[in-house]
Amino acid sequence: MELLIEGVAMAHHLTRERVEREFGVRVIDLADATGYSSSYISLILSGKREAPLHVRSAIARALGTRVKALWPSEREAVGG
């Protein structure tokens with residue numbers, strides 16, 4: 001499933017490929033930066049687990065962006 005945002009097709013969840021391509025970050029490095037295990041991050045990036053907002057916020061901070069930029073359907077959270 002893809003969402004069409006401002007004329008750009010986007011995956012319905014953040015993927016490992018997108019993290020590596022757009023941010024140049026490997027799963028293990030994202031895990032280290034967020035404090036979550038690489039297996040948990042992998043489950044989120046594969047779409048097998050839904051990340052709660054606090055985890056999405058940690059991922060966004062680690063990637064130097066906002067939650068809304070990674071998950072466009074997510075409403076902005078404080079600091080997100």
# chains A, B, ... in the order shown; residues from 1 in each chain; ligands from 1
call {"tool": "residues_around", "arguments": {"residues": "A:Gly47", "least_positions_apart": "2", "cutoff": "8 Å", "atoms": "only C-alpha atoms", "output": "MDAnalysis selection string"}}
result
chainID A and resid 13:15 43:45 49:50
call {"tool": "write_last_selection", "arguments": {"atoms": "C-alpha atoms", "output": "mmCIF file, in the first residue's frame"}}
result
data_model
loop_
_atom_site.group_PDB
_atom_site.id
_atom_site.type_symbol
_atom_site.label_atom_id
_atom_site.label_comp_id
_atom_site.auth_asym_id
_atom_site.auth_seq_id
_atom_site.Cartn_x
_atom_site.Cartn_y
_atom_site.Cartn_z
ATOM 1 C CA HIS A 13 5.533 2.706 6.904
ATOM 2 C CA LEU A 14 9.178 3.582 7.228
ATOM 3 C CA THR A 15 11.373 0.905 5.620
ATOM 4 C CA LEU A 43 10.340 -5.394 13.029
ATOM 5 C CA ILE A 44 9.150 -1.779 12.829
ATOM 6 C CA LEU A 45 10.917 -1.132 9.530
ATOM 7 C CA ARG A 49 5.280 -4.116 14.392
ATOM 8 C CA GLU A 50 3.550 -0.781 14.785
#
call {"tool": "residues_around", "arguments": {"residues": "A:Ser42", "least_positions_apart": "5", "cutoff": "10 Å", "atoms": "only C-alpha atoms", "output": "PDB file with N, CA and C atoms, in the first residue's frame"}}
result
ATOM      1  N   THR A  15      10.702   2.160   5.955  1.00  0.00           N
ATOM      2  CA  THR A  15      11.373   0.905   5.620  1.00  0.00           C
ATOM      3  C   THR A  15      12.887   1.006   5.837  1.00  0.00           C
ATOM      4  N   ARG A  16      13.501  -0.164   5.976  1.00  0.00           N
ATOM      5  CA  ARG A  16      14.960  -0.227   6.112  1.00  0.00           C
ATOM      6  C   ARG A  16      15.625   0.398   4.897  1.00  0.00           C
ATOM      7  N   VAL A  27      20.407  -0.300  10.229  1.00  0.00           N
ATOM      8  CA  VAL A  27      19.510  -0.672  11.324  1.00  0.00           C
ATOM      9  C   VAL A  27      20.261  -0.721  12.648  1.00  0.00           C
ATOM     10  N   ILE A  28      21.425  -1.334  12.660  1.00  0.00           N
ATOM     11  CA  ILE A  28      22.177  -1.460  13.915  1.00  0.00           C
ATOM     12  C   ILE A  28      22.562  -0.084  14.470  1.00  0.00           C
ATOM     13  N   LEU A  30      20.871   2.739  13.860  1.00  0.00           N
ATOM     14  CA  LEU A  30      19.627   3.358  14.320  1.00  0.00           C
ATOM     15  C   LEU A  30      19.232   2.796  15.680  1.00  0.00           C
ATOM     16  N   ALA A  31      19.423   1.504  15.851  1.00  0.00           N
ATOM     17  CA  ALA A  31      19.137   0.874  17.141  1.00  0.00           C
ATOM     18  C   ALA A  31      20.017   1.470  18.242  1.00  0.00           C
ATOM     19  N   SER A  37      16.489  -2.301  20.595  1.00  0.00           N
ATOM     20  CA  SER A  37      17.261  -3.392  19.973  1.00  0.00           C
ATOM     21  C   SER A  37      17.120  -3.343  18.452  1.00  0.00           C
ATOM     22  N   GLY A  47       7.458  -3.476   8.904  1.00  0.00           N
ATOM     23  CA  GLY A  47       6.006  -3.366   8.988  1.00  0.00           C
ATOM     24  C   GLY A  47       5.356  -4.457   9.811  1.00  0.00           C
ATOM     25  N   LYS A  48       6.163  -5.263  10.512  1.00  0.00           N
ATOM     26  CA  LYS A  48       5.621  -6.346  11.325  1.00  0.00           C
ATOM     27  C   LYS A  48       5.197  -5.888  12.715  1.00  0.00           C
ATOM     28  N   ARG A  49       5.665  -4.724  13.117  1.00  0.00           N
ATOM     29  CA  ARG A  49       5.280  -4.116  14.392  1.00  0.00           C
ATOM     30  C   ARG A  49       4.938  -2.656  14.149  1.00  0.00           C
TER      31      ARG A  49
END
call {"tool": "atom_distance", "arguments": {"atom1": "atom CA of A:Ser73", "atom2": "atom CA of A:Asp29"}}
result
25.4 Å
call {"tool": "residues_around", "arguments": {"residues": "A:Ser57", "least_positions_apart": "3", "cutoff": "7 Å", "atoms": "only C-alpha atoms", "output": "list in words"}}
result
Leu53, His54, Ala60, Arg61, Val67 and Gly80 of chain A
call {"tool": "atom_distance", "arguments": {"atom1": "atom CA of A:Pro72", "atom2": "atom CA of A:Gly24"}}
result
20.2 Å
call {"tool": "atom_distance", "arguments": {"atom1": "atom CA of A:Lys68", "atom2": "atom CA of A:Ser38"}}
result
22.4 Å
call {"tool": "select_by_dssp", "arguments": {"residues": "stretch 5-48 of chain A", "states": "alpha helix (DSSP H)", "output": "VMD selection string"}}
result
chain A and resid 16 to 18 27 to 34 38 to 45
